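One structure below.
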Amino acid sequence: MMDFIGIGFEDELFKDVPEEVRCHLPLPKGMSEKDVTREIERILAKNSHAGEVPSFLGVGCYDHYVPAAVDHVISRSEFYTSYTPYQPEMSQGMLQALFEYQSHICELTGLDAANCSMYDGATALGEAARMCARLNDGNVFLAPRAMTREKVSVLRNYLIGTGVELELYGWDEDGGVDLDDVERRITDGVCGLYAETPNLFGVIDARVPLLRGMTDAPLVVGVNPIALALMRAPGDMGADIVVGDGQCLGSPMNYGGPGLGLFACRQEHVRKMPGRVIGLTEDSRGEQAFCMTLQTREQHIRRGRATSNICTNVALVAVAAAVFLSYHGRDGLIELAKENINRARRLMDLISDIDNVQSPVFDNHHFNEFAVELPVKPEKINCILAKRGFQGGLPLSAHVPEMGDCMLLATTEMHDDEVQDHFVSMLREVL
Amino acid sequence: MRPDRRLIMERIDADAYPDVSGYMPKGMERGSLHLPKVNESELLRHYIALSRDNFGTDSGPYPLGSCTMKHNPKYADRLASQPSVGRMHHHMDEDHAQGSLEIMKRMEMALSEISGMDAISLQPSAGAHGEYAAMLIVKAYHASRGEERDEVIVPDSAHGTNPASAAMAGYKLVEIPSGEDGCVDLDALEAALSDRTAALMLTNPNTLGIFERRVKELAAMVHGRGALLYYDGANLNAIMGKTSPGAMGFDLVHFNLHKTFATPHGGGGPGSGPVGVKSFLEDFLPIPRIAEDADGMTLDWARPKSIGKVNGAMGNFAIILRAYAYILRQGGDGLKECSERAVLNSNYLKKRLENHYDVPFADPRKHEFVASAKNLKKEKGVRALDVAKRMIDHGIHPPTIYFPALVEEALMIEPTEDETMESLDRIADVMISIAEEDPATVLAAPHSAPVGRVDESKAVKDAVLSYRRMLSLREGSR
Ligand SMILES: Cc1ncc(COP(=O)(O)O)c(C=O)c1O
């Protein structure tokens with residue numbers, strides 16, 4: 001090859017790299033595959049995963065059962081070693097799988113359009129807020145104060161370039177939207193309004209549909225897609241945009257990433273959407289085919305005026321979600337949602353029997369997580385629980401200071417009665 | 001015969017939505033839900049049939065410029081599929097996550113060596129996300145000095161995400177043209193620089209595969225005006241072990257772990273786009289930072305100058321782990337060899353194609369080069385798009401087309417280090433045969449793909465993004 005190119009040694013091809021910028025790479029020598037495997041497994045052994053130490057953490061990232069069929073499909077290397085489907089004739093499989101994903105998300109949310117993923121729920125929300133700023137005048141985006149600090153920070157960071165300010169409203173005694181507070185804050189200057197159901201406290205908030213009547217600004221609703229098997233579709237509540245974390249649909253937690261940002265909107269707004277979308281079309285023979293579409297919204301065409309900078313997304317996680325939803329079907333998903341509600345109800349009831357603990361803090365419907373109030377700092381409880389082989393819930397005060405000594409507990413179908421009972425007896429002992 | 005490609009939704013559950021009371025508050029109950037009803041065998045046949053209509057790097061050559069479609073090593077996937085990776089929550093007590101944190105800390109250190117940067121955050125989810133994080137850092141830095149700078153300079157050869165990320169952060173864009181040699185025109189840069197310049201975004205080698213030789217001079221110009229120099233690390237595969245963004249004078253950089261470090265692209269993602277900075281910018285990196293002391297790893301949230309969070313968690317750990325495994329396997333010398341081999345392959349393929357396609361700009365190229373179909377278009381009416389479609393018939397994924405825009409009818413080719421000489425020759429032979437072929441055959445390509453040429457403008461016109469929409473249009477037309 002070098003002869004053909006007309007060079008004597010490989011470094012000749014780097015003669016354009018000037019001496020003044022040359023450097024060496026002081027990393028150790030390479031290792032055999034076996035040694036790499038051993039080394040990484042040695043390090044990973046320092047983890048205590050949810051299978052060893054039952055975990056009660058949630059807020060958008062959940063330990064659900066992943067059906068083997070999901071893993072099997074996304075392990076097909078035709079899928080996972082492919083790039084973004086720029087060449088539709090060579091990528092019909094991925095394109096159709098993603099179109100089916102979009103279709104599932106549209107069905108769940110009751111909207112006509114969905115993109116084929118954002119990085120995670122927090123960035124999907126950030127993008128939704130930016131989309132509101134494109135759809136509507138106004139320089140205030142209203143969102144609940146009951147959000148994790150991570151989500152609030154991401155949202156602020158996504159609004160930085162828009163000139164839109166983030167304004168946070170409170171919650172009511174039952175953990176739902178404080179309608180009076182929202183009412184007070186609604187002016188013509190509001191470009192978009194965001195609410196969640198289930199929200200940070202796991203509460204299915206029956207007040208969210210009432211928000212539609214309070215403003216003409218775009219309404220963004222945050223959801224849990226499994227809860228949607230039982231919950232009214234946000235599209236029917238008048239939502240313009242729906243976002244959420246989709247990791248719960250067939251993907252492991254993976255220490256928080258990759259996640260899956262759900263993003264759906266009304267048909268009339270598709271040209272203002274962020275992210276990649278797959279559209280239905282035909283091939284030259286008139287047969288059904290799919291391709292990426294509405295690309296003039298995107299950075300590779302529109303550059304500085306694109307609706308978003310996103311390029312690489314989380315397509316494979318979206319495919320996992322599609323397979324997961326097809327695998328369960330309607331009845332399977334309903335059963336799963338019921339089971340999660342039942343698990344949460346059981347756990348909150350058991351905990352409510354412990355003295356000095358309020359469980360749940362909010363007297364309302366919950367999905368698979370809920371807040372409890374403890375007589376001691378939750379961080380302290382978690383430390384003690386850790387020694388007894390449990391990963392407790394999320395101390396809420398780091399996120400919403402007024403929640404004091406409250407802890408958010410999430411449970412799923414992965415916690416059987418035995419695990420829950422054991423956890424509760426530990427908690428009782430510790431308190 | 002074309003297999004059954006009906007949408008899986010065509011097998012929808014026709015039964016009425018069951019009666020489920022007692023689970024939702026009043027007014028929040030659902031009345032219908034249309035999801036498919038299939039058994040596991042039908043499910044698998046459906047998706048396996050779809051997978052067979054798809055093409056990955058395991059299927060054949062994938063010289064997609066700018067995307068670095070390397071082989072995705074299987075040991076990395078296997079390591080990432082264990083419960084000690086998957087069943088970990090990012091809010092776990094640090095004590096429970098010492099393994100994940102150690103992998104991340106070590107990865108930060110490895111990326112720091114590779115890039116010549118002092119501190120790394122693994123948080124951003126992809127390259128563009130890393131760019132955005134970097135733009136926020138640029139903003140925070142200038143603000144901390146009480147300076148108002150509202151412009152970012154981007155060369156016309158830059159990837160679309162660069163201007164998009166800067167604009168998203170609220171910057172005005174100043175685009176500068178490339179010079180005759182395909183490099184940044186330093187006079188144009190001088191003219192564009194001012195006290196309003198916050199940063200220059202650059203990739204080196206640039207998207208033409210040309211190394212910006214005068215990068216030190218350029219860095220001095222940018223720094224002389226108090227602006228920062230940002231490195232788009234998408235092209236890092238060209239220079240490992242030869243130079244580094246740090247050595248070239250860059251202040252901050254993003255990496256694409258899913259390009260340079262061989263993690264799978266997953267049909268569009270997930271990727272991972274860590275951001276690295278020189279020490280004077282470390283305080284601005286996203287939180288939490290991973291701190292190490294005698295007792296192990298902890299998460300440090302108390303960073304008042306930090307830009308905060310760019311995603312909800314800690315970054316795409318399952319991708320970071322794969323990339324770290326790859327780095328361990330290659331080692332320093334191995335990574336350097338990857339770059340050497342990638343550059344050799346690119347120059348070999350370029351030389352093979354030179355007499356058949358126009359390849360503007362001078363030698364040598366780095367890991368990729370941009371050919372042009374403009375002569376073919378003039379002589380035979382065959383465009384870059386047609387060449388691409390015809391390559392599909394030969395089982396080779398086409399190059400990136402129509403990017404960068406400054407080359408007419410661009411075919412951007414990046415073979416990566418993984419293609420053998422035999423494979424490179426086949427790519428060349430195919431592209432040459434297409435240039436010589438009867439144009440009618442090329443214009444009607446592909447002929448042997450699962451579908452004929454796809455009508456992309458119809459998709460735009462109809463904007464049908466879901467089965468729901470499909471159905472409502474169907475009903476509407478009745
Ligand atoms: C030169 C260049 N910069 C930036 C990016 C953006 O990276 P990502 O797709 O990971 O967001 C890409 C990838 O397409 C690229 O090729």
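So you can find residues: chains in the structure tokens are A, B, ... in the order shown, residues in each start at 1, and ligands are numbered from 1 in order.
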Taking only residues of chain A that have an atom at most 9 Å from an atom of ligand 1, what is each one's shortest atom pair and its distance in Å to one decimal, using only C-alpha atoms and all ligand atoms, in chain and number order, as a tab-separated table?
residue	atom	partner	partner_atom_place_in_ligand_line	distance
A:Thr84	CA	ligand 1	9 (O)	9.0
A:His300	CA	ligand 1	14 (O)	8.6
A:Asn309	CA	ligand 1	11 (O)	7.7
A:Ile310	CA	ligand 1	11 (O)	5.9
A:Cys311	CA	ligand 1	9 (O)	4.3
A:Thr312	CA	ligand 1	9 (O)	3.7
A:Asn313	CA	ligand 1	11 (O)	7.3
Could you save the residues just selected, with N, CA, C and O atoms, as a PDB file, in the first residue's frame?
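Output saved as again_29.pdb:
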ATOM      1  N   THR A  84     -26.882   6.087  11.771  1.00  0.00           N
ATOM      2  CA  THR A  84     -28.114   6.801  11.458  1.00  0.00           C
ATOM      3  C   THR A  84     -28.542   6.480  10.026  1.00  0.00           C
ATOM      4  O   THR A  84     -27.714   6.531   9.121  1.00  0.00           O
ATOM      5  N   HIS A 300     -27.757  19.292  10.168  1.00  0.00           N
ATOM      6  CA  HIS A 300     -26.899  19.001   9.015  1.00  0.00           C
ATOM      7  C   HIS A 300     -27.366  19.758   7.777  1.00  0.00           C
ATOM      8  O   HIS A 300     -26.615  19.867   6.808  1.00  0.00           O
ATOM      9  N   ASN A 309     -29.573  21.006  18.064  1.00  0.00           N
ATOM     10  CA  ASN A 309     -28.262  20.574  17.571  1.00  0.00           C
ATOM     11  C   ASN A 309     -28.143  19.054  17.562  1.00  0.00           C
ATOM     12  O   ASN A 309     -27.130  18.519  17.141  1.00  0.00           O
ATOM     13  N   ILE A 310     -29.172  18.348  18.017  1.00  0.00           N
ATOM     14  CA  ILE A 310     -29.016  16.894  18.207  1.00  0.00           C
ATOM     15  C   ILE A 310     -28.729  16.192  16.884  1.00  0.00           C
ATOM     16  O   ILE A 310     -29.299  16.525  15.850  1.00  0.00           O
ATOM     17  N   CYS A 311     -27.819  15.239  16.953  1.00  0.00           N
ATOM     18  CA  CYS A 311     -27.419  14.462  15.766  1.00  0.00           C
ATOM     19  C   CYS A 311     -27.550  13.006  16.212  1.00  0.00           C
ATOM     20  O   CYS A 311     -28.616  12.418  16.098  1.00  0.00           O
ATOM     21  N   THR A 312     -26.495  12.455  16.800  1.00  0.00           N
ATOM     22  CA  THR A 312     -26.623  11.141  17.415  1.00  0.00           C
ATOM     23  C   THR A 312     -27.682  11.210  18.512  1.00  0.00           C
ATOM     24  O   THR A 312     -27.655  12.115  19.338  1.00  0.00           O
ATOM     25  N   ASN A 313     -28.612  10.248  18.513  1.00  0.00           N
ATOM     26  CA  ASN A 313     -29.639  10.235  19.560  1.00  0.00           C
ATOM     27  C   ASN A 313     -29.526   8.921  20.334  1.00  0.00           C
ATOM     28  O   ASN A 313     -28.410   8.530  20.678  1.00  0.00           O
TER      29      ASN A 313
END
**Item:** Residue neighbourhood region 30-39 of chain A, 12 Å, only C-alpha atoms, exclusion window fewer than 5 positions, as an MDAnalysis selection string
**Value:** (chainID A and resid 44:46) or (chainID B and resid 73:80 82 99 102:103 321:337)
**Selection near region 188-203 of chain B, 8 Å with only C-alpha atoms, sequence-local residues under 3 positions removed, as a PyMOL selection string** = chain B and resi 138-139+142+148-155+158+162+174+176-177+184-185+206-207+221-222+225-235
**Message:** When DSSP is applied to the backbone of this structure, which of region 190-327 of chain A are assigned strand (DSSP E or B)? Write them out as a PyMOL selection string.
**Reply:** chain A and resi 190-196+203+219-223+231+241-245+261-265+277-283+288-293
**Request:** Please provide as a VMD selection string all residues within 6 Å of region 460-471 of chain B, with the sequence filter that same-chain residues fewer than 5 positions apart are discarded (counting only C-alpha atoms).
**Result:** chain A and resid 102 to 103 112 to 113 279 to 280 293 to 294
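If only C-alpha atoms are the atoms counted, then among A:Glu196, A:Glu78, A:Asp3, A:Asp405 the closest residue to chain B is A:Glu78.
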**Distance query Val85 (chain B) at most 8 Å, only C-alpha atoms, self and fewer than 5 positions along chain excluded, as a list in words** = Leu44, His49, Asn254 and Tyr255 of chain A; Ala80, Ser100 and Ala318 of chain B
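Distances here use only C-alpha atoms; by that measure, the residue among A:Leu166, A:Met214, A:Ile301, A:Val376 closest to chain B is A:Ile301.
Near Val38 (chain B), within a cut-off of 12 Å and counting only C-alpha atoms, sit the residues Val323, Phe324, Leu325, Ser326, Tyr327, His328, Gly329, Arg330, Asp331 and Gly332 of chain A; Ile8, Met9, Glu10, Arg11, Ile12, Asp13, Leu44, Arg45, His46 and Tyr47 of chain B, with same-chain residues fewer than 6 positions away left out.
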